[in-house]
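Structure file upload_10.cif (mmCIF, C-alpha atoms) follows.
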```cif
data_work
#
loop_
_atom_site.label_atom_id
_atom_site.label_comp_id
_atom_site.auth_asym_id
_atom_site.auth_seq_id
_atom_site.Cartn_x
_atom_site.Cartn_y
_atom_site.Cartn_z
CA MET A 987 155.84 -228.82 40.76
CA ASN A 988 152.75 -229.84 38.83
CA ASN A 989 151.44 -233.05 40.39
CA SER A 990 151.35 -234.80 37.03
CA ILE A 991 155.11 -234.32 36.40
CA LYS A 992 156.96 -237.50 37.40
CA PRO A 993 160.61 -238.56 37.25
CA VAL A 994 161.63 -240.81 34.35
CA SER A 995 164.31 -243.39 35.10
CA LEU A 996 167.54 -242.70 33.24
CA ASP A 997 167.46 -246.00 31.36
CA LYS A 998 164.15 -244.90 29.78
CA ALA A 999 165.18 -241.30 29.11
CA TYR A 1000 166.15 -241.94 25.46
CA ARG A 1001 162.51 -242.78 24.74
CA LEU A 1002 161.57 -239.16 25.28
CA LEU A 1003 163.50 -238.20 22.13
CA ASN A 1004 163.59 -241.40 20.13
CA HIS A 1005 160.69 -240.47 17.84
CA GLY A 1006 162.42 -237.28 16.69
CA PRO A 1007 160.38 -234.38 18.09
CA THR A 1008 161.37 -230.75 17.78
CA VAL A 1009 162.59 -229.61 21.20
CA LEU A 1010 163.16 -226.50 23.26
CA VAL A 1011 166.68 -225.92 24.59
CA SER A 1012 167.03 -223.85 27.73
CA ALA A 1013 169.96 -222.74 29.87
CA ARG A 1014 170.80 -220.38 32.71
CA HIS A 1015 174.04 -218.50 33.33
CA ASP A 1016 174.89 -215.45 35.41
CA GLY A 1017 171.24 -214.78 36.13
CA VAL A 1018 170.18 -214.93 32.47
CA ASP A 1019 167.68 -217.54 31.25
CA GLY A 1020 167.45 -218.45 27.56
CA VAL A 1021 165.09 -220.69 25.63
CA MET A 1022 165.31 -221.57 21.94
CA ALA A 1023 163.71 -224.11 19.60
CA ALA A 1024 165.79 -226.83 17.92
CA ALA A 1025 164.76 -229.48 15.41
CA TRP A 1026 168.27 -230.95 15.41
CA ALA A 1027 168.41 -232.82 18.70
CA CYS A 1028 168.92 -236.57 18.86
CA ALA A 1029 169.57 -239.39 21.29
CA LEU A 1030 173.19 -240.58 21.30
CA ASP A 1031 173.41 -243.32 23.94
CA PHE A 1032 171.25 -245.39 26.28
CA ASP A 1033 173.16 -245.75 29.53
CA PRO A 1034 174.31 -243.36 30.69
CA PRO A 1035 171.91 -241.52 28.39
CA LYS A 1036 173.49 -238.95 26.13
CA LEU A 1037 172.14 -236.73 23.38
CA THR A 1038 173.33 -234.32 20.69
CA VAL A 1039 171.95 -230.91 19.86
CA VAL A 1040 173.01 -228.38 17.23
CA LEU A 1041 173.33 -224.81 18.56
CA ASP A 1042 174.15 -222.15 16.01
CA LYS A 1043 176.81 -219.57 16.91
CA ILE A 1044 174.30 -216.73 16.61
CA THR A 1045 172.08 -218.06 19.40
CA ALA A 1046 172.12 -216.48 22.84
CA THR A 1047 171.28 -219.83 24.45
CA ARG A 1048 174.53 -221.34 23.17
CA VAL A 1049 176.50 -218.77 25.17
CA LEU A 1050 174.55 -219.75 28.30
CA VAL A 1051 175.24 -223.45 27.66
CA GLU A 1052 178.95 -222.82 27.18
CA GLY A 1053 179.08 -220.60 30.26
CA SER A 1054 177.20 -222.87 32.65
CA GLY A 1055 178.08 -226.30 31.26
CA GLN A 1056 174.49 -227.47 31.50
CA PHE A 1057 171.17 -227.22 29.71
CA VAL A 1058 167.67 -228.66 29.43
CA ILE A 1059 166.14 -230.39 26.42
CA GLN A 1060 162.35 -230.41 26.67
CA VAL A 1061 159.59 -231.64 24.39
CA PRO A 1062 156.95 -229.02 23.54
CA THR A 1063 153.37 -230.00 22.76
CA ALA A 1064 150.93 -229.12 19.98
CA ALA A 1065 149.39 -226.68 22.47
CA GLN A 1066 152.78 -224.90 22.49
CA LEU A 1067 153.09 -224.57 18.71
CA GLU A 1068 152.98 -220.79 18.72
CA LEU A 1069 155.33 -220.55 21.72
CA THR A 1070 157.77 -222.83 19.89
CA ARG A 1071 157.61 -220.71 16.73
CA GLN A 1072 158.19 -217.55 18.74
CA VAL A 1073 161.19 -218.76 20.76
CA GLY A 1074 162.50 -220.23 17.49
CA SER A 1075 162.34 -216.94 15.59
CA ARG A 1076 163.24 -214.32 18.21
CA SER A 1077 166.69 -213.88 19.71
CA LEU A 1078 167.30 -212.83 23.29
CA ASN A 1079 170.11 -210.67 21.89
CA GLU A 1080 167.66 -208.32 20.14
CA HIS A 1081 164.59 -209.07 22.23
CA PRO A 1082 165.35 -208.92 25.98
CA ASN A 1083 161.72 -209.71 26.87
CA LYS A 1084 161.69 -212.70 24.53
CA LEU A 1085 160.62 -215.27 27.11
CA ALA A 1086 157.69 -213.37 28.59
CA ASP A 1087 156.56 -212.11 25.18
CA SER A 1088 156.66 -215.66 23.79
CA GLY A 1089 154.50 -216.99 26.62
CA VAL A 1090 157.30 -218.93 28.34
CA LYS A 1091 156.78 -219.61 32.03
CA LEU A 1092 159.71 -221.26 33.80
CA ILE A 1093 159.41 -223.86 36.55
CA SER A 1094 161.85 -225.73 38.80
CA LEU A 1095 162.27 -229.51 38.79
CA GLY A 1096 164.22 -231.50 41.33
CA ASP A 1097 167.14 -229.63 42.84
CA GLN A 1098 168.52 -228.48 39.49
CA ASN A 1099 169.52 -224.86 39.01
CA LEU A 1100 168.11 -224.91 35.49
CA PRO A 1101 165.17 -223.21 33.75
CA PHE A 1102 162.48 -225.74 32.78
CA VAL A 1103 159.70 -224.59 30.44
CA SER A 1104 156.22 -225.08 31.90
CA GLY A 1105 153.65 -227.00 29.87
CA CYS A 1106 156.03 -229.28 28.01
CA SER A 1107 155.53 -233.05 28.02
CA ALA A 1108 159.08 -234.08 28.98
CA TRP A 1109 162.32 -232.58 30.28
CA LEU A 1110 165.92 -233.87 30.19
CA ALA A 1111 168.47 -232.09 32.39
CA CYS A 1112 171.90 -232.37 30.76
CA ARG A 1113 175.52 -231.84 31.70
CA LEU A 1114 177.58 -230.58 28.76
CA ILE A 1115 180.35 -232.99 27.76
CA PRO A 1116 182.87 -230.47 26.41
CA GLU A 1117 184.00 -231.32 22.88
CA PRO A 1118 185.52 -228.08 21.58
CA HIS A 1119 186.23 -229.40 18.08
CA ASN A 1120 182.60 -230.51 17.54
CA GLN A 1121 181.25 -227.31 19.04
CA GLN A 1122 183.45 -225.04 16.94
CA THR A 1123 183.44 -226.96 13.64
CA TYR A 1124 179.90 -228.35 13.57
CA ASP A 1125 177.95 -226.38 16.23
CA LEU A 1126 177.38 -229.85 17.69
CA PHE A 1127 176.96 -230.19 21.47
CA ILE A 1128 176.91 -233.43 23.43
CA GLY A 1129 175.10 -233.71 26.75
CA GLU A 1130 174.81 -236.43 29.33
CA VAL A 1131 171.30 -236.68 30.74
CA THR A 1132 171.50 -236.44 34.52
CA ALA A 1133 167.77 -236.42 35.32
CA ALA A 1134 164.52 -236.63 33.39
CA TRP A 1135 160.83 -235.98 33.99
CA ALA A 1136 157.64 -236.34 31.99
CA ASP A 1137 153.99 -235.43 32.38
CA GLU A 1138 152.19 -238.65 33.18
CA ARG A 1139 149.17 -237.52 31.20
CA VAL A 1140 151.14 -238.38 28.04
CA PHE A 1141 154.23 -240.39 29.13
CA ARG A 1142 153.93 -243.06 31.83
CA ASP A 1143 155.06 -246.65 32.47
CA GLY A 1144 158.19 -245.83 30.47
CA ARG A 1145 156.44 -244.96 27.22
CA TRP A 1146 154.48 -242.33 25.32
CA HIS A 1147 150.68 -242.55 25.31
CA PHE A 1148 149.92 -240.11 22.48
CA GLU A 1149 147.14 -242.40 21.27
CA ASP A 1150 145.20 -242.06 24.55
CA ALA A 1151 145.98 -238.43 25.39
CA ASP A 1152 144.29 -235.29 24.22
CA PRO A 1153 145.66 -234.24 20.78
CA SER A 1154 147.01 -231.05 22.37
CA TRP A 1155 149.72 -233.26 23.98
CA ARG A 1156 151.16 -234.49 20.67
CA SER A 1157 154.79 -233.77 19.99
CA ILE A 1158 155.51 -231.40 17.09
CA HIS A 1159 157.98 -232.05 14.28
CA HIS A 1160 159.32 -229.05 12.37
CA VAL A 1161 159.77 -229.38 8.62
CA ALA A 1162 160.81 -225.87 7.58
CA GLY A 1163 159.64 -222.26 7.75
CA GLY A 1164 157.46 -222.62 10.80
CA HIS A 1165 155.55 -225.60 9.37
CA PHE A 1166 155.14 -228.61 11.64
CA TYR A 1167 153.56 -232.03 11.65
CA GLY A 1168 152.12 -233.50 14.84
CA ILE A 1169 153.09 -237.03 15.76
CA GLY A 1170 150.46 -239.46 14.49
CA GLU A 1171 149.02 -242.82 15.34
CA ALA A 1172 150.66 -245.86 16.87
CA LEU A 1173 151.46 -248.38 14.13
CA SER A 1174 150.47 -251.88 15.10
CA ARG A 1175 152.37 -255.03 14.31
CA GLU A 1176 151.07 -256.74 11.21
CA MET B 491 164.70 -245.75 -11.80
CA ASN B 492 161.09 -245.44 -10.76
CA ASN B 493 159.62 -242.52 -12.70
CA SER B 494 158.32 -240.91 -9.54
CA ILE B 495 161.78 -240.63 -7.92
CA LYS B 496 163.13 -237.11 -8.51
CA PRO B 497 166.33 -235.33 -7.43
CA VAL B 498 166.05 -233.00 -4.42
CA SER B 499 168.25 -229.90 -4.51
CA LEU B 500 170.94 -229.97 -1.85
CA ASP B 501 169.68 -226.81 -0.16
CA LYS B 502 166.38 -228.60 0.54
CA ALA B 503 167.91 -231.94 1.56
CA TYR B 504 167.75 -231.21 5.31
CA ARG B 505 163.95 -231.15 5.02
CA LEU B 506 163.95 -234.88 4.34
CA LEU B 507 165.13 -235.51 7.93
CA ASN B 508 164.03 -232.40 9.79
CA HIS B 509 160.88 -233.98 11.25
CA GLY B 510 162.87 -236.78 12.91
CA PRO B 511 161.92 -240.01 11.10
CA THR B 512 163.51 -243.35 11.77
CA VAL B 513 165.81 -244.11 8.83
CA LEU B 514 167.52 -246.98 7.07
CA VAL B 515 171.30 -246.79 6.74
CA SER B 516 172.88 -248.67 3.84
CA ALA B 517 176.43 -249.09 2.60
CA ARG B 518 178.45 -251.15 0.14
CA HIS B 519 182.06 -252.30 0.45
CA ASP B 520 184.04 -255.05 -1.25
CA GLY B 521 180.93 -256.46 -2.88
CA VAL B 522 178.93 -256.62 0.36
CA ASP B 523 175.72 -254.61 0.82
CA GLY B 524 174.35 -253.86 4.28
CA VAL B 525 171.15 -252.21 5.46
CA MET B 526 170.20 -251.39 9.06
CA ALA B 527 167.57 -249.31 10.83
CA ALA B 528 168.53 -246.27 12.90
CA ALA B 529 166.36 -243.96 14.97
CA TRP B 530 169.36 -241.80 15.86
CA ALA B 531 169.96 -239.86 12.68
CA CYS B 532 169.72 -236.07 12.56
CA ALA B 533 170.39 -233.12 10.30
CA LEU B 534 173.57 -231.22 11.21
CA ASP B 535 173.91 -228.41 8.65
CA PHE B 536 172.05 -226.75 5.77
CA ASP B 537 174.63 -225.93 3.12
CA PRO B 538 176.50 -228.02 2.36
CA PRO B 539 174.01 -230.37 4.00
CA LYS B 540 175.45 -232.60 6.67
CA LEU B 541 173.92 -235.13 9.04
CA THR B 542 174.82 -237.31 12.01
CA VAL B 543 174.01 -240.97 12.54
CA VAL B 544 174.83 -243.30 15.43
CA LEU B 545 176.22 -246.69 14.33
CA ASP B 546 176.88 -249.19 17.08
CA LYS B 547 180.15 -251.13 16.98
CA ILE B 548 178.30 -254.44 16.69
CA THR B 549 176.66 -253.52 13.38
CA ALA B 550 177.92 -254.96 10.11
CA THR B 551 176.86 -251.82 8.26
CA ARG B 552 179.28 -249.71 10.30
CA VAL B 553 182.20 -251.74 8.95
CA LEU B 554 180.98 -251.10 5.40
CA VAL B 555 180.69 -247.36 6.10
CA GLU B 556 184.19 -247.22 7.55
CA GLY B 557 185.58 -249.29 4.67
CA SER B 558 183.95 -247.39 1.81
CA GLY B 559 183.73 -243.90 3.28
CA GLN B 560 180.17 -243.49 2.07
CA PHE B 561 176.61 -244.47 2.94
CA VAL B 562 172.95 -243.78 2.25
CA ILE B 563 170.36 -242.49 4.71
CA GLN B 564 166.84 -243.25 3.47
CA VAL B 565 163.38 -242.66 4.89
CA PRO B 566 161.22 -245.79 5.11
CA THR B 567 157.44 -245.58 4.89
CA ALA B 568 154.59 -247.03 6.94
CA ALA B 569 154.30 -249.68 4.21
CA GLN B 570 157.85 -250.72 5.13
CA LEU B 571 157.23 -251.07 8.86
CA GLU B 572 157.90 -254.80 8.94
CA LEU B 573 160.95 -254.47 6.66
CA THR B 574 162.30 -251.79 9.01
CA ARG B 575 161.75 -253.99 12.06
CA GLN B 576 163.49 -256.89 10.39
CA VAL B 577 166.59 -255.03 9.19
CA GLY B 578 166.67 -253.42 12.64
CA SER B 579 166.70 -256.72 14.52
CA ARG B 580 168.78 -259.03 12.31
CA SER B 581 172.52 -258.71 11.78
CA LEU B 582 174.24 -259.51 8.51
CA ASN B 583 176.96 -261.09 10.66
CA GLU B 584 174.67 -263.93 11.77
CA HIS B 585 172.17 -263.79 8.95
CA PRO B 586 173.90 -263.66 5.52
CA ASN B 587 170.56 -263.61 3.67
CA LYS B 588 169.29 -260.75 5.84
CA LEU B 589 168.44 -258.38 3.02
CA ALA B 590 166.47 -260.81 0.87
CA ASP B 591 164.76 -262.36 3.88
CA SER B 592 163.76 -258.92 5.16
CA GLY B 593 162.20 -257.97 1.83
CA VAL B 594 164.89 -255.45 0.86
CA LYS B 595 165.23 -254.77 -2.86
CA LEU B 596 168.11 -252.52 -3.85
CA ILE B 597 168.01 -249.96 -6.66
CA SER B 598 170.52 -247.58 -8.23
CA LEU B 599 170.13 -243.81 -8.21
CA GLY B 600 172.25 -241.38 -10.23
CA ASP B 601 175.79 -242.55 -10.86
CA GLN B 602 176.43 -243.49 -7.23
CA ASN B 603 177.98 -246.86 -6.39
CA LEU B 604 175.72 -247.19 -3.38
CA PRO B 605 172.85 -249.50 -2.40
CA PHE B 606 169.53 -247.61 -2.25
CA VAL B 607 166.53 -249.36 -0.70
CA SER B 608 163.56 -249.55 -3.04
CA GLY B 609 160.19 -248.29 -1.80
CA CYS B 610 161.48 -245.59 0.55
CA SER B 611 160.23 -242.01 0.30
CA ALA B 612 163.62 -240.24 0.27
CA TRP B 613 167.31 -241.03 -0.09
CA LEU B 614 170.42 -239.03 0.91
CA ALA B 615 173.78 -240.17 -0.50
CA CYS B 616 176.52 -239.23 1.98
CA ARG B 617 180.28 -238.98 2.04
CA LEU B 618 181.72 -239.87 5.46
CA ILE B 619 183.57 -236.99 7.08
CA PRO B 620 186.11 -238.95 9.11
CA GLU B 621 186.07 -238.00 12.78
CA PRO B 622 187.83 -240.89 14.53
CA HIS B 623 187.31 -239.54 18.06
CA ASN B 624 183.52 -239.22 17.59
CA GLN B 625 183.30 -242.59 15.88
CA GLN B 626 185.28 -244.42 18.54
CA THR B 627 184.01 -242.65 21.67
CA TYR B 628 180.39 -242.01 20.77
CA ASP B 629 179.64 -244.26 17.74
CA LEU B 630 178.78 -240.94 16.10
CA PHE B 631 179.30 -240.60 12.34
CA ILE B 632 179.10 -237.37 10.33
CA GLY B 633 178.21 -237.39 6.64
CA GLU B 634 178.07 -234.71 3.98
CA VAL B 635 175.06 -235.15 1.73
CA THR B 636 176.31 -235.24 -1.88
CA ALA B 637 173.01 -236.01 -3.63
CA ALA B 638 169.38 -236.52 -2.62
CA TRP B 639 166.20 -237.90 -4.15
CA ALA B 640 162.59 -238.25 -3.08
CA ASP B 641 159.45 -239.89 -4.39
CA GLU B 642 157.30 -237.07 -5.72
CA ARG B 643 154.16 -238.85 -4.57
CA VAL B 644 155.00 -237.70 -1.03
CA PHE B 645 157.80 -235.07 -1.34
CA ARG B 646 157.68 -232.44 -4.09
CA ASP B 647 158.16 -228.67 -4.50
CA GLY B 648 160.74 -228.89 -1.73
CA ARG B 649 158.43 -230.20 0.95
CA TRP B 650 156.63 -233.22 2.35
CA HIS B 651 152.99 -233.79 1.37
CA PHE B 652 152.04 -236.40 3.95
CA GLU B 653 148.62 -234.78 4.33
CA ASP B 654 147.74 -235.41 0.65
CA ALA B 655 149.43 -238.78 0.15
CA ASP B 656 148.17 -242.24 0.94
CA PRO B 657 148.78 -243.08 4.64
CA SER B 658 151.14 -245.87 3.55
CA TRP B 659 153.65 -243.11 2.65
CA ARG B 660 153.87 -241.71 6.20
CA SER B 661 157.27 -241.69 7.83
CA ILE B 662 157.68 -243.94 10.87
CA HIS B 663 159.14 -242.88 14.21
CA HIS B 664 160.51 -245.58 16.49
CA VAL B 665 159.89 -245.27 20.22
CA ALA B 666 161.31 -248.53 21.60
CA GLY B 667 161.00 -252.29 21.23
CA GLY B 668 159.66 -252.30 17.68
CA HIS B 669 156.89 -249.82 18.49
CA PHE B 670 156.47 -246.90 16.11
CA TYR B 671 154.29 -243.88 15.60
CA GLY B 672 153.47 -242.64 12.11
CA ILE B 673 153.89 -238.96 11.37
CA GLY B 674 150.59 -237.17 11.84
CA GLU B 675 148.76 -234.16 10.55
CA ALA B 676 150.08 -230.78 9.41
CA LEU B 677 149.59 -228.26 12.20
CA SER B 678 148.19 -225.00 10.92
CA ARG B 679 149.14 -221.57 12.11
CA GLU B 680 146.74 -220.23 14.68
#
```

Written as structure tokens, how would this file's structure read?
Amino acid sequence: MNNSIKPVSLDKAYRLLNHGPTVLVSARHDGVDGVMAAAWACALDFDPPKLTVVLDKITATRVLVEGSGQFVIQVPTAAQLELTRQVGSRSLNEHPNKLADSGVKLISLGDQNLPFVSGCSAWLACRLIPEPHNQQTYDLFIGEVTAAWADERVFRDGRWHFEDADPSWRSIHHVAGGHFYGIGEALSRE
Amino acid sequence: MNNSIKPVSLDKAYRLLNHGPTVLVSARHDGVDGVMAAAWACALDFDPPKLTVVLDKITATRVLVEGSGQFVIQVPTAAQLELTRQVGSRSLNEHPNKLADSGVKLISLGDQNLPFVSGCSAWLACRLIPEPHNQQTYDLFIGEVTAAWADERVFRDGRWHFEDADPSWRSIHHVAGGHFYGIGEALSRE
């Protein structure tokens, strides 16, 4: 494990997603690892922390989530813009070498049997809370966060430090068609 | 209606939320108008556009949403940071003059009988899709967007123009405890 990756306490885990970044979703099942990009992920509860993520029926990663009952939500950085675009536009179904060709390197965190994407700023390991009606009707998946980590170079003391970190650490926020905004400046109290 | 507020076609409505801003939720029922802040709102579908929003059981606005079956999700600006903090920390239940005291001015848009908050950058009128299990178990509400508008000074031609607009138009992204980041710069393709 990279020495700068530290556990985040579960009561602070929602803060990793609260500002609405685009995320990478990853899952592992039957020896297959999948990673996709998702703009539609959102915190759902504080304690125990839960989140929602929308996984289209055409995605290979969805099948891995349904098969294994677990997944990772991780926060890519501005340095990973091109990686995010590539895993967001290629499907493992048509592109078996998708991960390597998109520059994805997987790492392990804790004792989880889950694929974590190297170079991200934060990672939330999730247990799927099965809700078949939501999954089938809305492509909406609910996860309970069971463990979380962040890179202390940009998240420490329970909060983001985008304003002090190198700009390459900024979270990225997809608008449409591969166009993103980076997160901006901290807004001070008036 | 302010001359710079223009309709947004429904197929582009998801773009108003795709980058993960903190929003204001408003609703009207039995002559009562409520407005609250919510960081946990997220696009759910493209066409017809749908979205999710988490409404805690203690909020007065939730009762108005459940009673009327409709609500507005709107995107506040950096100029509305203090307004957003105030509607996010006061409850109409204990503070009957909450809206006026928080600086909220309501406007009408289209022929909707809904309270729209003046000064925001975008507005999505939503019909509640009743899902009692989600609402009760997760405080999770699903809406279908029936109409949308944006201020052309910051959203036009189907996309955000934060990079060209005055910084006071930037969307705000809550982290925790009344601390926000503004949205940042457009990230170019490499």

So that each row is one residue of chain A with an atom at most 6 Å from chain B, can you give its shortest atom pair and the distance in Å to one decimal, using all atoms listed in the file, rows by chain and rising number, as CSV?
```
residue,atom,partner,partner_atom,distance
A:Arg1001,CA,B:Val665,CA,5.8
A:Asn1004,CA,B:Val665,CA,5.4
A:His1005,CA,B:His663,CA,4.6
A:Gly1006,CA,B:Gly510,CA,3.8
A:Trp1026,CA,B:Ala533,CA,5.9
A:Ala1029,CA,B:Trp530,CA,5.9
A:His1159,CA,B:His509,CA,4.6
A:His1160,CA,B:His509,CA,5.3
A:Val1161,CA,B:Asn508,CA,5.4
A:Phe1166,CA,B:Leu677,CA,5.6
A:Tyr1167,CA,B:Ala676,CA,4.3
A:Gly1168,CA,B:Gly674,CA,5.0
A:Ile1169,CA,B:Gly674,CA,4.7
A:Gly1170,CA,B:Gly674,CA,3.5
A:Glu1171,CA,B:Tyr671,CA,5.4
A:Ala1172,CA,B:Tyr671,CA,4.3
A:Leu1173,CA,B:Tyr671,CA,5.5
```

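Atom CA of A:Gly1163 is positioned 28.0 Å from atom CA of A:Cys1112.
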
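Counting all atoms listed in the file, the residue from B:Asp537, B:Glu584, B:Asp501, B:Asp641 that sits nearest to B:Ala655 is B:Asp641.
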
### Task
Using the chain letters and numbering of this document, enumerate as JSON, numbers by chain the residues selected by the PyMOL selection byres ((chain B and resi 499) around 9).
{"B": [497, 498, 500, 501, 502, 503, 637, 638, 639, 648]}

### Task
Specify as a PyMOL selection string each residue included when the PyMOL selection byres ((chain A and resi 989) around 12) is applied to this file.
chain A and resi 987-988+990-993+1095+1135-1139

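Take the candidates A:Thr1123, A:Gly1074, A:Thr1132, A:Arg1048 and check each one against A:Asp1097 using all atoms listed in the file; the shortest distance goes to A:Thr1132.
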
Selection near B:Lys588, 10 Å with all atoms listed in the file, sequence-local residues under 6 positions removed, as a short mmCIF file (atom, residue, chain, number, x, y, z; two decimals) with C-alpha atoms, in the frame of the given file:
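Output file out.cif is given in full below:
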```cif
data_model
loop_
_atom_site.label_atom_id
_atom_site.label_comp_id
_atom_site.auth_asym_id
_atom_site.auth_seq_id
_atom_site.Cartn_x
_atom_site.Cartn_y
_atom_site.Cartn_z
CA GLY B 524 174.35 -253.86 4.28
CA VAL B 525 171.15 -252.21 5.46
CA MET B 526 170.20 -251.39 9.06
CA GLN B 576 163.49 -256.89 10.39
CA VAL B 577 166.59 -255.03 9.19
CA SER B 579 166.70 -256.72 14.52
CA ARG B 580 168.78 -259.03 12.31
CA SER B 581 172.52 -258.71 11.78
CA LEU B 582 174.24 -259.51 8.51
CA VAL B 594 164.89 -255.45 0.86
#
```

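For the pair atom CA of A:His1119 and atom CA of B:Val513, the interatomic distance is 26.8 Å.
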
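Take atom CA of B:Thr567 and atom CA of B:Ser598: the distance between them is 18.6 Å.
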
Ref. answer, residues at most 6 Å from (169.1, -250.9, -3.5) with only C-alpha atoms, as a CSV table (one decimal) with C-alpha atoms, keeping the file's coordinate frame:
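Final file, point15.csv:
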```
chain,number,residue,atom,x,y,z
B,595,LYS,CA,165.2,-254.8,-2.9
B,596,LEU,CA,168.1,-252.5,-3.8
B,597,ILE,CA,168.0,-250.0,-6.7
B,598,SER,CA,170.5,-247.6,-8.2
B,605,PRO,CA,172.8,-249.5,-2.4
B,606,PHE,CA,169.5,-247.6,-2.2
B,607,VAL,CA,166.5,-249.4,-0.7
B,608,SER,CA,163.6,-249.6,-3.0
```
